[in-house]
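Have a look at the structure below, then the notes.
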Amino acid sequence: MPLPAPSATGVRIAGDRYQWLVAWLACVTVLHDAATAVPNPVLRIGVEVDEGGNLDDVVLERQHPPHTYQH
């Protein structure tokens, strides 16, 4: 028997949880980049950045562009 479709609230909560998991992974990337001296490290992380257009959920701002936009 198939599972029922999630409610709108359930979808929103799952989406928010996923977004914050992506943000936490970005935090680990910052630590990794700093520890391994990569050529273009991630320096800052933005969540729900206005300038990102549709790809604004998580932005990894690197030392030199291009930055990484994750949806």
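Quick note on naming: the chains in the structure tokens go A, B, ... in the order shown, residues restart at 1 in each chain, and ligands are numbered from 1 in order of appearance.
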Pick out the residues sitting within 10 Å of segment 20-36 of chain A, and hand them over as a count of residues only; count only C-alpha atoms, and ignore anything fewer than 4 positions along from it in its own chain. 18
Those in chain A with strand (DSSP E or B) from DSSP, as a list in words: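 Answer for chain A restricted to strand (DSSP E or B) is Val42, Leu43, Arg44, Ile45, Gly46, Val47, Val58, Val59, Leu60, Glu61, Arg62, Thr68, Tyr69 and Gln70 of chain A.
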Selection from above, C-alpha atoms, as an mmCIF file, in the first residue's frame, can you write it?
```
data_model
loop_
_atom_site.group_PDB
_atom_site.id
_atom_site.type_symbol
_atom_site.label_atom_id
_atom_site.label_comp_id
_atom_site.auth_asym_id
_atom_site.auth_seq_id
_atom_site.Cartn_x
_atom_site.Cartn_y
_atom_site.Cartn_z
ATOM 1 C CA VAL A 42 35.015 28.979 1.148
ATOM 2 C CA LEU A 43 35.120 31.915 3.576
ATOM 3 C CA ARG A 44 31.435 32.603 4.329
ATOM 4 C CA ILE A 45 28.111 30.832 4.122
ATOM 5 C CA GLY A 46 24.831 32.547 3.347
ATOM 6 C CA VAL A 47 21.365 31.103 3.832
ATOM 7 C CA VAL A 58 22.740 28.126 0.572
ATOM 8 C CA VAL A 59 25.585 30.184 -0.873
ATOM 9 C CA LEU A 60 29.239 29.323 -0.266
ATOM 10 C CA GLU A 61 31.186 32.546 -0.727
ATOM 11 C CA ARG A 62 34.680 31.754 -1.873
ATOM 12 C CA THR A 68 28.901 28.136 -5.099
ATOM 13 C CA TYR A 69 25.091 28.333 -5.072
ATOM 14 C CA GLN A 70 23.151 25.359 -3.745
#
```
Write down as a PyMOL selection string the residues belonging to chain A that are assigned alpha helix (DSSP H) by DSSP computed on the backbone. chain A and resi 8-36
Keeping only N, CA, C and O atoms, write those residues as a CSV table (one decimal), in the first residue's frame.
```
chain,number,residue,atom,x,y,z
A,8,ALA,N,1.2,20.0,3.3
A,8,ALA,CA,2.0,21.2,2.9
A,8,ALA,C,3.0,21.5,4.1
A,8,ALA,O,4.1,21.9,3.8
A,9,THR,N,2.5,21.4,5.3
A,9,THR,CA,3.4,21.7,6.4
A,9,THR,C,4.6,20.7,6.5
A,9,THR,O,5.7,21.0,6.8
A,10,GLY,N,4.2,19.4,6.3
A,10,GLY,CA,5.3,18.4,6.3
A,10,GLY,C,6.3,18.6,5.2
A,10,GLY,O,7.5,18.4,5.4
A,11,VAL,N,5.9,19.0,4.0
A,11,VAL,CA,6.8,19.3,2.9
A,11,VAL,C,7.7,20.5,3.3
A,11,VAL,O,8.9,20.5,3.1
A,12,ARG,N,7.1,21.5,3.9
A,12,ARG,CA,7.9,22.7,4.3
A,12,ARG,C,9.0,22.3,5.4
A,12,ARG,O,10.1,22.7,5.3
A,13,ILE,N,8.6,21.6,6.4
A,13,ILE,CA,9.5,21.2,7.4
A,13,ILE,C,10.6,20.3,6.9
A,13,ILE,O,11.8,20.5,7.2
A,14,ALA,N,10.3,19.4,6.0
A,14,ALA,CA,11.3,18.5,5.4
A,14,ALA,C,12.3,19.4,4.5
A,14,ALA,O,13.5,19.2,4.6
A,15,GLY,N,11.7,20.3,3.8
A,15,GLY,CA,12.6,21.2,3.0
A,15,GLY,C,13.5,22.1,3.8
A,15,GLY,O,14.7,22.2,3.5
A,16,ASP,N,13.0,22.6,4.9
A,16,ASP,CA,13.8,23.4,5.8
A,16,ASP,C,14.9,22.6,6.5
A,16,ASP,O,16.0,23.0,6.6
A,17,ARG,N,14.5,21.4,6.9
A,17,ARG,CA,15.5,20.5,7.5
A,17,ARG,C,16.7,20.2,6.5
A,17,ARG,O,17.8,20.2,6.8
A,18,TYR,N,16.3,19.9,5.2
A,18,TYR,CA,17.3,19.6,4.2
A,18,TYR,C,18.2,20.8,4.0
A,18,TYR,O,19.4,20.7,3.9
A,19,GLN,N,17.6,22.0,3.9
A,19,GLN,CA,18.3,23.2,3.7
A,19,GLN,C,19.4,23.4,4.8
A,19,GLN,O,20.5,23.7,4.5
A,20,TRP,N,19.0,23.1,6.0
A,20,TRP,CA,20.0,23.3,7.1
A,20,TRP,C,21.0,22.2,7.2
A,20,TRP,O,22.2,22.5,7.6
A,21,LEU,N,20.7,21.0,6.7
A,21,LEU,CA,21.7,20.0,6.5
A,21,LEU,C,22.7,20.4,5.5
A,21,LEU,O,23.9,20.2,5.7
A,22,VAL,N,22.3,21.0,4.4
A,22,VAL,CA,23.2,21.5,3.4
A,22,VAL,C,24.1,22.6,4.0
A,22,VAL,O,25.3,22.7,3.7
A,23,ALA,N,23.5,23.5,4.8
A,23,ALA,CA,24.2,24.6,5.4
A,23,ALA,C,25.3,24.0,6.4
A,23,ALA,O,26.4,24.5,6.4
A,24,TRP,N,24.9,23.0,7.1
A,24,TRP,CA,25.9,22.3,8.0
A,24,TRP,C,27.1,21.7,7.2
A,24,TRP,O,28.2,21.8,7.6
A,25,LEU,N,26.7,21.1,6.1
A,25,LEU,CA,27.8,20.5,5.2
A,25,LEU,C,28.7,21.6,4.7
A,25,LEU,O,29.9,21.5,4.7
A,26,ALA,N,28.1,22.8,4.4
A,26,ALA,CA,28.9,23.9,4.0
A,26,ALA,C,29.9,24.4,5.1
A,26,ALA,O,31.0,24.7,4.9
A,27,CYS,N,29.4,24.3,6.4
A,27,CYS,CA,30.3,24.6,7.5
A,27,CYS,C,31.5,23.7,7.6
A,27,CYS,O,32.6,24.1,7.8
A,28,VAL,N,31.2,22.4,7.3
A,28,VAL,CA,32.3,21.4,7.3
A,28,VAL,C,33.3,21.7,6.2
A,28,VAL,O,34.5,21.6,6.3
A,29,THR,N,32.7,22.2,5.1
A,29,THR,CA,33.6,22.6,3.9
A,29,THR,C,34.5,23.7,4.3
A,29,THR,O,35.7,23.7,3.9
A,30,VAL,N,34.0,24.7,5.0
A,30,VAL,CA,34.8,25.9,5.5
A,30,VAL,C,36.0,25.3,6.3
A,30,VAL,O,37.1,25.7,6.1
A,31,LEU,N,35.7,24.5,7.3
A,31,LEU,CA,36.7,23.9,8.1
A,31,LEU,C,37.7,23.1,7.3
A,31,LEU,O,39.0,23.2,7.5
A,32,HIS,N,37.3,22.3,6.4
A,32,HIS,CA,38.1,21.5,5.6
A,32,HIS,C,39.0,22.4,4.7
A,32,HIS,O,40.2,22.1,4.6
A,33,ASP,N,38.5,23.4,4.1
A,33,ASP,CA,39.2,24.3,3.2
A,33,ASP,C,40.3,25.0,4.0
A,33,ASP,O,41.5,25.1,3.6
A,34,ALA,N,40.0,25.4,5.2
A,34,ALA,CA,41.0,26.1,6.1
A,34,ALA,C,42.1,25.1,6.5
A,34,ALA,O,43.3,25.5,6.6
A,35,ALA,N,41.8,23.9,6.8
A,35,ALA,CA,42.7,22.9,7.3
A,35,ALA,C,43.7,22.4,6.2
A,35,ALA,O,44.8,22.0,6.4
A,36,THR,N,43.2,22.4,4.9
A,36,THR,CA,43.9,21.8,3.9
A,36,THR,C,44.5,22.9,2.9
A,36,THR,O,45.1,22.5,1.9
```
